[in-house]
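Asker: Below you will find the structure I want to go over with you.
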Amino acid sequence: MGSVYRARDLHFPNVIKLVAVKEMINQAPDPVVRETIVNNFEREANILVTLNHPSIPKIFDFFTHEERSYLVLELVNGKDLEAILRSSLEPIREDQVILWAIEVCDVLEYLHTHKPEPIIFRDIKPQNLMVNQQNHIVMVDFGIAKIFKTGQKGTMIGTEGYSPPEQYRGDATFQTDIYALGATLHHVLTRRDPRLEAPFSFGDRPIRQLNPVVSQEFESIISTALNYKPEDRFKDITSMKAALVSLARKTGALSKVASGDLMTREQNIKPLWVFKCEDEIRGSATLDSGTIYVGAYDNNLYAIDAAKGQFQWKYAVDGGVISKPLISNNQVYFGSEDGKLHVIHSKTGKRSWMFTTEGPIRCSAKIAEGHIFFGSDDANLYAVNIASNRKSWAIKTEGPVRSTPFISNDLIYFGTEANEFLCSDFRGQVKWRFWTKRPVTSSPIVSDGIVYFASLDSNFYALDAKSGWVIWRFRMGKGSVASPTTVENFTFIGSADGYLYCVEKSSAKEIWRFKTDHQVSGSPTIYKDALYFGAADGTFYCLDYKSGRQRWKFTTNGPITGTPMAANDIIYIGSADHCLYALIA
Amino acid sequence: MINIIKRFFPKRQKEEQKRPTAIQTTPLSEDQLSSVSHSTLVHKPAQFLIGSGQSVGIQRDHNEDTLFSLSSVIADGSNDLTFGICIIADGMGGHKNGEIASGVATRVVAKNLVSRVYSRLLNIHSDPMDESIQEAVENAINETQKAVVRYAPGGGTTFTCALIIGEQVTIGHVGDSRAYFIYPDGRIQRITKDHSLVQRMIDLEEITEEQAIDHPQRNVLLKAIGQVETIHPDIQTYQVPKGGHMMLCSDGLWGVLPDTEIYRIVTSSNDPVLACNKLVDAANAEGGPDNISVILVDYYGQ
């Protein structure tokens, strides 16, 4: 442990000369060990004094006083790479990173070929690479501090995440610095901190997958440096530098070609059939016994033959239909902007009954225990008895209820536009209430005792379903009205920041994210090994749900806000271009 | 009481009344009843029992492990909540620093979770928590880092803790102590991943699980509290193994007892304290090469 002080050199009383003073504390209790440490310190300091390279701070003096040893060295004005990464949102340009990398290679080459004995830096990481005011690299925190750390079981040399496998076994060679430089470049380009990942797992995070504008050549140089076996890396730092220099020579041309080839081919996807309504389809379709039911903003609910896309019947109401129709016992239940919950026969499209609320119904309904549950913009969650068509109770909330309730273990979960999330029992008694910072339009799901939902406050929440305690929060770039989906240990959520996220349920770790060109308001559907979702960019995507890689996409002429419906290897999705599409899964 | 249990929905009752009378069968005997109804009986509140065991082992002369457990239940019929904290820390480092490190880390986290999380259960009015349960565990573990560096410089400790709230258990983990779920159906599942060199080599398929058991570097950890600048503990939340067990232990136990033996001992005893004693005895019978610490949580009810 030690500190670095900014100090003024009083040898020059007439000018202000600032220096850095590094203090190291000798904590070894055994006097023999203490003495060895001081001797090692002096030996190493003597080597450092003789170094002369623009990227190495000059040593002015060193001394030991009681249990503390000090190095007086050149003060570097600048920011280390870790701070630069932290303070910038955008990735650092490849050209810039290549130039810095060459400078690091240059100083390592100087150290590795130092006479009489070569020097291994042993701790290359963003934090130890300063960028000075002239935009040049200065290497700080020479391994000298390591002398003051006593070795024991499990102690590591170097910094976890950046160190190569052999360093964990105590071997430090020239290859150690090459690997750590590779690890540092990987971190800078991908912005993924290797200390947060499993050691030696760079191969699992290909640079260009995380930052597609990086050139293939640069990625390949870095992967070579990161090979697990030292003999598979560059044979020395000079050859790594040579590879970087030759890349830098062509780099101007390279940066333009780079983005093209990672983009997945837009395959020629032909819909099985297309059904056109008279206005936008913003909601989701439901499939039941070979018929697709979908509402549109032309105030109709449509019944369409699922195999051929042929019109069967439509039912007109007095407002747009955004809610996903619910089919139960040959009845279709759906809400409308006209404030009514409509119930019609699923075969004939004839009216059975309806229930009127005081505001538009934007959420979908759920059935349990002989009741139908749904929310309305009149700020109520209703429980209506299906047999009597009468209201059993309503929960009056603080704002419109647009989130579709989820029912699990005799409890009802839903959010409101007044920043609430509620859990109620079947008697309409609120068991617990959780406050978010912005509305909860997202419809919750419960899985393994945890309720998941998103809010416009940019958080994706996991709450204990029984008590409402927050298990974790996952921060997205913007708010979300989308609803989550889960499969295995994964949960998926779209956001207005344009990403679809895959988050591990148990740890809240991001597994992958997929970028679209606009908001993702609909929920994804998992079907077999694929994930399907649409975005406001008008595109419908099919991804491999484990890796987040795109398999194909299909472009419509309007934003997609609904959730796809999948069955019998066909995916159904509506678009604001008035069409319902049937696509082959 | 009936009012509380009974659903108010008239429709549901109607349905039940309308159901045609099924074929008459002879009533089940008491034995038959208890054998089929055991798992479905709703005894409230759901709860758990915690046992623990510790031994210096046969080959070490002093103990560097620390363990901690706390269990509590609050129930008022409508909002029942169980709460528990289990911690195992396996210290390392010369002089007394190993035992100091594990002791300090355990106390700091236990104190933190009690004041930040447990005390909220006892507050009459409490503001919403400004951190999630996972953040609370992570922050508590991060705070131990400073304390360990201060009180046990040079020392280090593994750290595995379980924060049980209702049906969810949140595990915070650094190092190579372990947490297991043992299900009534016979599965024994390790839920933590060792931060060790051999585990990493297994992941890279450089060595097999079998080779890891007596690998010369099996004691090399990739991280431990007090040994790295930033800890980044693994934080994970799972549903508790209902009707089963959760076990936390140091490598003095898992390093010598195979999973099958652990399963046999845990499921052959109805009492978690006795089971822990047997686990410790079994590890010592295998030579007791290291300090042994084990905590066993038996879950009852649904």
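Labels for the structure tokens follow display order: chains A, B, ..., residues from 1 in each chain, ligands from 1.
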Do you know which residues are at most 7 Å from range 123-132 of chain A counting only C-alpha atoms, after dropping those on the same chain fewer than 3 positions away, and could you put them as number ranges by chain?

Answerer: A: 76-82, 135-141, 143, 158-159, 162, 177, 180-181, 184

Asker: With chain A as the partner and 6 Å as the cut-off, tabulate the residues of chain B that qualify, each row holding the nearest pair of atoms and their distance in Å to one decimal, using only C-alpha atoms, sorted by chain and rising number, as a Markdown table.

Answerer:
```
| residue | atom | partner | partner_atom | distance |
| --- | --- | --- | --- | --- |
| B:Ser132 | CA | A:Val470 | CA | 4.9 |
| B:Ile133 | CA | A:Ile471 | CA | 4.8 |
| B:Gln134 | CA | A:Trp472 | CA | 5.6 |
| B:Val220 | CA | A:Gly154 | CA | 4.8 |
| B:Leu221 | CA | A:Gly154 | CA | 4.8 |
| B:Ile235 | CA | A:Ser507 | CA | 5.7 |
| B:Gln236 | CA | A:Ser507 | CA | 4.3 |
| B:Thr237 | CA | A:Ser506 | CA | 4.7 |
```

Asker: Now that the selection is made, can you save its residues with all heavy atoms as a JSON list (two decimals), in the first residue's frame?

Answerer:
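Saved as part_4.json:
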```
[["chain", "number", "residue", "atom", "x", "y", "z"],
["B", 132, "SER", "N", -30.91, -2.11, -4.23],
["B", 132, "SER", "CA", -31.53, -3.41, -4.38],
["B", 132, "SER", "C", -30.83, -4.38, -3.44],
["B", 132, "SER", "O", -29.77, -4.09, -2.89],
["B", 132, "SER", "CB", -31.42, -3.89, -5.82],
["B", 132, "SER", "OG", -30.07, -4.18, -6.14],
["B", 133, "ILE", "N", -31.44, -5.55, -3.27],
["B", 133, "ILE", "CA", -30.83, -6.55, -2.39],
["B", 133, "ILE", "C", -29.46, -6.94, -2.92],
["B", 133, "ILE", "O", -28.51, -7.08, -2.17],
["B", 133, "ILE", "CB", -31.78, -7.76, -2.27],
["B", 133, "ILE", "CG1", -32.99, -7.34, -1.43],
["B", 133, "ILE", "CG2", -31.08, -8.95, -1.65],
["B", 133, "ILE", "CD1", -34.11, -8.32, -1.44],
["B", 134, "GLN", "N", -29.36, -7.09, -4.24],
["B", 134, "GLN", "CA", -28.06, -7.45, -4.81],
["B", 134, "GLN", "C", -27.04, -6.34, -4.57],
["B", 134, "GLN", "O", -25.88, -6.62, -4.29],
["B", 134, "GLN", "CB", -28.19, -7.74, -6.31],
["B", 134, "GLN", "CG", -29.00, -9.00, -6.57],
["B", 134, "GLN", "CD", -28.69, -9.63, -7.93],
["B", 134, "GLN", "OE1", -28.12, -8.99, -8.81],
["B", 134, "GLN", "NE2", -29.09, -10.88, -8.10],
["B", 220, "VAL", "N", -4.42, -22.09, -5.70],
["B", 220, "VAL", "CA", -4.19, -20.72, -6.20],
["B", 220, "VAL", "C", -5.53, -20.07, -6.52],
["B", 220, "VAL", "O", -6.30, -20.56, -7.33],
["B", 220, "VAL", "CB", -3.28, -20.73, -7.43],
["B", 220, "VAL", "CG1", -3.12, -19.32, -7.97],
["B", 220, "VAL", "CG2", -1.93, -21.32, -7.08],
["B", 221, "LEU", "N", -5.80, -18.96, -5.84],
["B", 221, "LEU", "CA", -7.05, -18.25, -6.07],
["B", 221, "LEU", "C", -6.84, -17.12, -7.05],
["B", 221, "LEU", "O", -5.77, -16.53, -7.12],
["B", 221, "LEU", "CB", -7.55, -17.65, -4.75],
["B", 221, "LEU", "CG", -7.95, -18.65, -3.67],
["B", 221, "LEU", "CD1", -8.58, -17.90, -2.50],
["B", 221, "LEU", "CD2", -8.93, -19.66, -4.22],
["B", 235, "ILE", "N", -22.62, -11.96, -7.64],
["B", 235, "ILE", "CA", -23.86, -11.79, -6.89],
["B", 235, "ILE", "C", -24.97, -12.46, -7.70],
["B", 235, "ILE", "O", -25.18, -12.12, -8.86],
["B", 235, "ILE", "CB", -24.22, -10.30, -6.71],
["B", 235, "ILE", "CG1", -23.04, -9.50, -6.14],
["B", 235, "ILE", "CG2", -25.47, -10.15, -5.85],
["B", 235, "ILE", "CD1", -22.77, -9.68, -4.70],
["B", 236, "GLN", "N", -25.64, -13.40, -7.08],
["B", 236, "GLN", "CA", -26.70, -14.10, -7.81],
["B", 236, "GLN", "C", -27.86, -14.36, -6.88],
["B", 236, "GLN", "O", -27.67, -14.61, -5.70],
["B", 236, "GLN", "CB", -26.19, -15.42, -8.35],
["B", 236, "GLN", "CG", -24.93, -15.25, -9.15],
["B", 236, "GLN", "CD", -24.69, -16.42, -10.06],
["B", 236, "GLN", "OE1", -25.37, -16.63, -11.04],
["B", 236, "GLN", "NE2", -23.72, -17.22, -9.69],
["B", 237, "THR", "N", -29.07, -14.33, -7.44],
["B", 237, "THR", "CA", -30.26, -14.60, -6.65],
["B", 237, "THR", "C", -30.98, -15.82, -7.21],
["B", 237, "THR", "O", -31.14, -15.92, -8.43],
["B", 237, "THR", "CB", -31.20, -13.38, -6.67],
["B", 237, "THR", "OG1", -30.47, -12.25, -6.19],
["B", 237, "THR", "CG2", -32.42, -13.61, -5.78]]
```

Asker: For CA of Asp90 in chain B and CA of Ile225 in chain B, quote the distance in Å rounded to one decimal.

Answerer: 10.1 Å

Asker: What separation in Å, quoted to one decimal, exists between CA of Arg86 in chain A and CA of Phe474 in chain A?

Answerer: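 Distance between the two atoms: 19.0 Å.
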
Asker: Could you name the residues that touch Phe48 in chain B at 9 Å or less, counting only C-alpha atoms, but leaving out those on the same chain fewer than 5 positions away, as a list in words?

Answerer: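 After dropping sequence-adjacent residues, the list is Ser71, Ser72, Val73, Thr82, Gly84, Val297, Asp298, Tyr299, Tyr300 and Gly301 of chain B.
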
Asker: Using DSSP on the backbone, list every residue of range 377-471 of chain A that comes out as strand (DSSP E or B), and give them as a ChimeraX atom specification.

Answerer: /A:380-385,391-396,406-408,411-415,420-425,430-435,445-447,450-454,459-464,470-471

Asker: Would you pick out the contacts of range 195-212 of chain B at 7 Å or less, using only C-alpha atoms, so that residues sharing its chain but fewer than 6 positions from it are not included, and give the list as an NGL selection string?

Answerer: :B and (174-176 or 218 or 220-223)

Asker: Excluding Ile237 in chain A and residues on its chain fewer than 4 positions from it, collect all residues at most 7 Å away from it, counting only C-alpha atoms, and give them as a ChimeraX atom specification.

Answerer: /A:105,108-109,178,241

Asker: Between CA of Thr561 in chain A and CA of Glu417 in chain A, what is the distance in Å, rounded to a tenth?

Answerer: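 Rounded to one decimal, the two atoms are 18.3 Å apart.
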
Asker: With distances taken over only C-alpha atoms, which residue among A:Ala576, A:Ile570, A:Val294, A:Val97 lies nearest Trp273 in chain A?

Answerer: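 Between A:Ala576, A:Ile570, A:Val294, A:Val97, the residue approaching Trp273 in chain A most closely is A:Ile570.
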
Asker: Excluding Asp298 in chain A and any residue of its chain fewer than 5 positions from it, enumerate the residues within 12 Å of it, using only C-alpha atoms, and give them as a tab-separated table (two decimals) with C-alpha atoms, in the first residue's frame.

Answerer:
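Now in out.tsv:
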```tsv
chain	number	residue	atom	x	y	z
A	276	LYS	CA	-54.00	-5.41	-44.84
A	277	CYS	CA	-56.26	-3.49	-42.46
A	278	GLU	CA	-57.45	0.09	-42.97
A	279	ASP	CA	-55.26	1.63	-40.27
A	280	GLU	CA	-52.24	0.93	-38.12
A	281	ILE	CA	-51.80	-2.30	-36.20
A	282	ARG	CA	-50.09	-1.33	-32.95
A	314	LYS	CA	-64.52	-8.33	-38.37
A	315	TYR	CA	-66.22	-6.68	-35.44
A	316	ALA	CA	-66.47	-2.89	-35.33
A	317	VAL	CA	-66.21	-0.89	-32.13
A	318	ASP	CA	-66.07	2.84	-31.41
A	319	GLY	CA	-62.33	3.20	-30.98
A	320	GLY	CA	-58.96	1.80	-31.98
A	321	VAL	CA	-58.01	-1.61	-30.68
A	322	ILE	CA	-54.49	-1.85	-29.28
A	336	SER	CA	-60.69	-0.55	-27.01
A	337	GLU	CA	-60.03	3.17	-27.02
A	576	ALA	CA	-48.13	0.47	-38.33
A	578	HIS	CA	-51.58	-1.43	-41.63
A	579	CYS	CA	-50.39	-4.95	-42.39
```

Asker: List the neighbours of range 96-100 of chain B out to 12 Å using only C-alpha atoms; skip same-chain residues closer than 6 positions along the sequence, and give me the result as a PyMOL selection string.

Answerer: (chain A and resi 29+152-154) or (chain B and resi 56+62-67+89-90+106-108+144+147-158+224-227+291)

Asker: Suppose we keep N, CA, C and O atoms; can you now write the selection as a compact mmCIF listing (two decimals), in the first residue's frame?

Answerer:
```
# COMPACT_ATOMS: atom_id res chain seq x y z
N PRO A 29 6.83 -7.73 8.89
CA PRO A 29 7.14 -7.70 10.32
C PRO A 29 8.55 -8.24 10.61
O PRO A 29 9.18 -7.83 11.59
N GLN A 152 2.26 -14.74 -0.76
CA GLN A 152 1.64 -15.80 0.02
C GLN A 152 0.62 -16.51 -0.83
O GLN A 152 0.43 -16.16 -1.98
N LYS A 153 -0.07 -17.46 -0.23
CA LYS A 153 -1.07 -18.23 -0.96
C LYS A 153 -2.05 -17.30 -1.66
O LYS A 153 -2.66 -16.45 -1.04
N GLY A 154 -2.17 -17.50 -2.94
CA GLY A 154 -3.20 -16.78 -3.66
C GLY A 154 -2.82 -15.36 -4.05
O GLY A 154 -3.58 -14.71 -4.74
N VAL B 56 -10.83 -27.47 13.20
CA VAL B 56 -9.53 -27.01 12.72
C VAL B 56 -8.95 -28.03 11.73
O VAL B 56 -8.08 -27.71 10.93
N HIS B 62 -4.01 -24.30 13.60
CA HIS B 62 -4.97 -23.28 14.03
C HIS B 62 -6.01 -23.01 12.96
O HIS B 62 -5.84 -23.35 11.80
N ASN B 63 -7.12 -22.44 13.44
CA ASN B 63 -8.28 -22.27 12.58
C ASN B 63 -8.28 -20.86 11.97
O ASN B 63 -8.12 -19.87 12.67
N GLU B 64 -8.45 -20.79 10.65
CA GLU B 64 -8.53 -19.48 10.00
C GLU B 64 -9.89 -19.25 9.37
O GLU B 64 -10.10 -18.27 8.67
N ASP B 65 -10.83 -20.19 9.57
CA ASP B 65 -12.17 -20.04 9.01
C ASP B 65 -13.05 -19.24 9.98
O ASP B 65 -12.85 -19.29 11.19
N THR B 66 -14.04 -18.54 9.44
CA THR B 66 -15.05 -17.91 10.28
C THR B 66 -16.40 -18.24 9.67
O THR B 66 -16.55 -18.24 8.45
N LEU B 67 -17.37 -18.55 10.52
CA LEU B 67 -18.73 -18.72 9.99
C LEU B 67 -19.71 -17.93 10.83
O LEU B 67 -19.43 -17.58 11.98
N ALA B 89 -16.19 -17.75 5.63
CA ALA B 89 -14.99 -17.07 5.13
C ALA B 89 -13.79 -17.92 5.52
O ALA B 89 -13.69 -18.37 6.66
N ASP B 90 -12.91 -18.13 4.55
CA ASP B 90 -11.74 -18.98 4.77
C ASP B 90 -10.51 -18.09 4.62
O ASP B 90 -10.16 -17.70 3.51
N THR B 106 -16.31 -11.29 7.87
CA THR B 106 -17.60 -11.84 8.27
C THR B 106 -18.39 -10.83 9.11
O THR B 106 -19.57 -10.59 8.88
N ARG B 107 -17.70 -10.23 10.08
CA ARG B 107 -18.40 -9.29 10.96
C ARG B 107 -18.88 -8.06 10.19
O ARG B 107 -19.99 -7.57 10.40
N VAL B 108 -18.04 -7.55 9.31
CA VAL B 108 -18.42 -6.33 8.59
C VAL B 108 -19.66 -6.59 7.74
O VAL B 108 -20.61 -5.81 7.73
N THR B 144 -15.92 -4.67 3.07
CA THR B 144 -14.99 -5.50 3.84
C THR B 144 -13.57 -5.34 3.34
O THR B 144 -12.63 -5.52 4.09
N ALA B 147 -11.73 -2.89 5.33
CA ALA B 147 -11.53 -3.35 6.71
C ALA B 147 -10.45 -4.42 6.77
O ALA B 147 -9.60 -4.41 7.67
N VAL B 148 -10.45 -5.33 5.78
CA VAL B 148 -9.45 -6.40 5.80
C VAL B 148 -8.06 -5.82 5.58
O VAL B 148 -7.10 -6.19 6.27
N VAL B 149 -7.95 -4.87 4.65
CA VAL B 149 -6.64 -4.27 4.40
C VAL B 149 -6.15 -3.55 5.65
O VAL B 149 -4.97 -3.58 5.99
N ARG B 150 -7.08 -2.97 6.39
CA ARG B 150 -6.70 -2.21 7.57
C ARG B 150 -6.31 -3.11 8.74
O ARG B 150 -5.28 -2.91 9.38
N TYR B 151 -7.13 -4.12 9.02
CA TYR B 151 -6.89 -4.94 10.21
C TYR B 151 -5.99 -6.13 9.94
O TYR B 151 -5.43 -6.69 10.87
N ALA B 152 -5.92 -6.57 8.71
CA ALA B 152 -5.11 -7.75 8.42
C ALA B 152 -4.31 -7.50 7.14
O ALA B 152 -4.50 -8.17 6.14
N PRO B 153 -3.40 -6.50 7.17
CA PRO B 153 -2.66 -6.19 5.94
C PRO B 153 -1.90 -7.40 5.46
O PRO B 153 -1.26 -8.09 6.24
N GLY B 154 -2.01 -7.69 4.19
CA GLY B 154 -1.34 -8.85 3.63
C GLY B 154 -2.19 -10.10 3.72
O GLY B 154 -1.96 -11.05 3.00
N GLY B 155 -3.17 -10.10 4.61
CA GLY B 155 -4.04 -11.26 4.73
C GLY B 155 -5.12 -11.22 3.67
O GLY B 155 -5.31 -10.22 2.99
N GLY B 156 -5.81 -12.33 3.55
CA GLY B 156 -6.90 -12.37 2.59
C GLY B 156 -7.90 -13.39 3.05
O GLY B 156 -7.64 -14.16 3.98
N THR B 157 -9.06 -13.39 2.41
CA THR B 157 -10.06 -14.37 2.79
C THR B 157 -11.00 -14.66 1.63
O THR B 157 -11.27 -13.77 0.82
N THR B 158 -11.45 -15.90 1.56
CA THR B 158 -12.54 -16.19 0.65
C THR B 158 -13.80 -15.70 1.34
O THR B 158 -13.79 -15.42 2.54
N ALA B 224 -9.46 -12.83 -3.87
CA ALA B 224 -9.83 -13.02 -2.48
C ALA B 224 -9.94 -11.63 -1.88
O ALA B 224 -9.28 -10.70 -2.33
N ILE B 225 -10.79 -11.50 -0.86
CA ILE B 225 -10.94 -10.19 -0.22
C ILE B 225 -9.62 -9.84 0.46
O ILE B 225 -9.04 -10.68 1.14
N GLY B 226 -9.13 -8.62 0.25
CA GLY B 226 -7.86 -8.20 0.85
C GLY B 226 -6.69 -8.38 -0.10
O GLY B 226 -5.59 -7.94 0.18
N GLN B 227 -6.93 -9.06 -1.23
CA GLN B 227 -5.82 -9.40 -2.11
C GLN B 227 -5.88 -8.70 -3.47
O GLN B 227 -4.92 -8.73 -4.20
N ASN B 291 -8.81 -26.55 7.49
CA ASN B 291 -9.90 -26.16 8.37
C ASN B 291 -11.22 -26.48 7.68
O ASN B 291 -11.34 -26.33 6.47
```

Asker: Can you pull out every residue from range 211-298 of chain B that DSSP, working from the backbone, puts in helix (DSSP H, G or I), and format the result as an MDAnalysis selection string?

Answerer: chainID B and resid 211:213 251:254 259:267 272:285

Asker: Quick one: write out the picked residues with N, CA and C atoms as a CSV table (one decimal), in the first residue's frame?

Answerer:
```csv
chain,number,residue,atom,x,y,z
B,211,GLN,N,-8.7,-34.1,-12.8
B,211,GLN,CA,-7.3,-33.6,-12.6
B,211,GLN,C,-7.2,-32.5,-11.7
B,212,ALA,N,-8.3,-31.7,-11.5
B,212,ALA,CA,-8.3,-30.5,-10.6
B,212,ALA,C,-8.1,-30.9,-9.2
B,213,ILE,N,-8.7,-32.1,-8.9
B,213,ILE,CA,-8.8,-32.5,-7.5
B,213,ILE,C,-7.4,-32.6,-6.8
B,251,ASP,N,-13.2,-25.1,1.6
B,251,ASP,CA,-12.6,-26.1,0.8
B,251,ASP,C,-12.2,-27.3,1.7
B,252,GLY,N,-12.1,-27.1,3.0
B,252,GLY,CA,-11.8,-28.2,3.9
B,252,GLY,C,-12.8,-29.3,3.9
B,253,LEU,N,-14.0,-28.9,3.5
B,253,LEU,CA,-15.1,-29.9,3.3
B,253,LEU,C,-15.2,-30.4,1.9
B,254,TRP,N,-15.4,-29.5,1.0
B,254,TRP,CA,-15.7,-30.0,-0.4
B,254,TRP,C,-14.4,-30.6,-1.1
B,259,ASP,N,-19.4,-35.2,-3.8
B,259,ASP,CA,-20.8,-34.7,-3.8
B,259,ASP,C,-21.8,-35.8,-3.3
B,260,THR,N,-21.5,-37.1,-3.8
B,260,THR,CA,-22.5,-38.2,-3.4
B,260,THR,C,-22.5,-38.4,-1.9
B,261,GLU,N,-21.3,-38.3,-1.3
B,261,GLU,CA,-21.2,-38.4,0.2
B,261,GLU,C,-21.8,-37.3,0.9
B,262,ILE,N,-21.6,-36.1,0.4
B,262,ILE,CA,-22.3,-34.9,1.0
B,262,ILE,C,-23.8,-35.1,1.0
B,263,TYR,N,-24.3,-35.5,-0.2
B,263,TYR,CA,-25.7,-35.7,-0.4
B,263,TYR,C,-26.3,-36.8,0.6
B,264,ARG,N,-25.5,-37.9,0.7
B,264,ARG,CA,-25.9,-39.0,1.6
B,264,ARG,C,-26.0,-38.5,3.0
B,265,ILE,N,-25.0,-37.8,3.5
B,265,ILE,CA,-25.0,-37.3,4.9
B,265,ILE,C,-26.1,-36.3,5.1
B,266,VAL,N,-26.3,-35.4,4.2
B,266,VAL,CA,-27.2,-34.3,4.4
B,266,VAL,C,-28.7,-34.8,4.4
B,267,THR,N,-29.0,-35.8,3.6
B,267,THR,CA,-30.3,-36.3,3.5
B,267,THR,C,-30.6,-37.4,4.5
B,272,PRO,N,-30.3,-30.3,11.1
B,272,PRO,CA,-29.1,-29.7,10.4
B,272,PRO,C,-27.9,-29.7,11.2
B,273,VAL,N,-28.0,-29.6,12.5
B,273,VAL,CA,-26.8,-29.5,13.4
B,273,VAL,C,-26.1,-30.9,13.4
B,274,LEU,N,-26.9,-31.9,13.5
B,274,LEU,CA,-26.3,-33.3,13.5
B,274,LEU,C,-25.7,-33.6,12.1
B,275,ALA,N,-26.4,-33.1,11.1
B,275,ALA,CA,-25.8,-33.4,9.7
B,275,ALA,C,-24.5,-32.7,9.6
B,276,CYS,N,-24.4,-31.4,10.1
B,276,CYS,CA,-23.1,-30.7,10.0
B,276,CYS,C,-22.0,-31.4,10.8
B,277,ASN,N,-22.4,-31.9,12.0
B,277,ASN,CA,-21.4,-32.7,12.8
B,277,ASN,C,-20.9,-33.9,12.0
B,278,LYS,N,-21.8,-34.6,11.3
B,278,LYS,CA,-21.4,-35.8,10.6
B,278,LYS,C,-20.5,-35.4,9.4
B,279,LEU,N,-20.9,-34.2,8.8
B,279,LEU,CA,-20.1,-33.8,7.6
B,279,LEU,C,-18.6,-33.5,8.1
B,280,VAL,N,-18.5,-32.8,9.2
B,280,VAL,CA,-17.2,-32.5,9.8
B,280,VAL,C,-16.4,-33.7,10.1
B,281,ASP,N,-17.1,-34.7,10.8
B,281,ASP,CA,-16.5,-36.0,11.1
B,281,ASP,C,-16.0,-36.7,9.9
B,282,ALA,N,-16.8,-36.7,8.8
B,282,ALA,CA,-16.5,-37.4,7.6
B,282,ALA,C,-15.2,-36.7,7.0
B,283,ALA,N,-15.2,-35.4,7.0
B,283,ALA,CA,-14.0,-34.7,6.4
B,283,ALA,C,-12.8,-35.0,7.2
B,284,ASN,N,-12.9,-35.1,8.5
B,284,ASN,CA,-11.7,-35.4,9.3
B,284,ASN,C,-11.3,-36.9,9.1
B,285,ALA,N,-12.3,-37.7,8.9
B,285,ALA,CA,-12.0,-39.1,8.7
B,285,ALA,C,-11.2,-39.3,7.4
```
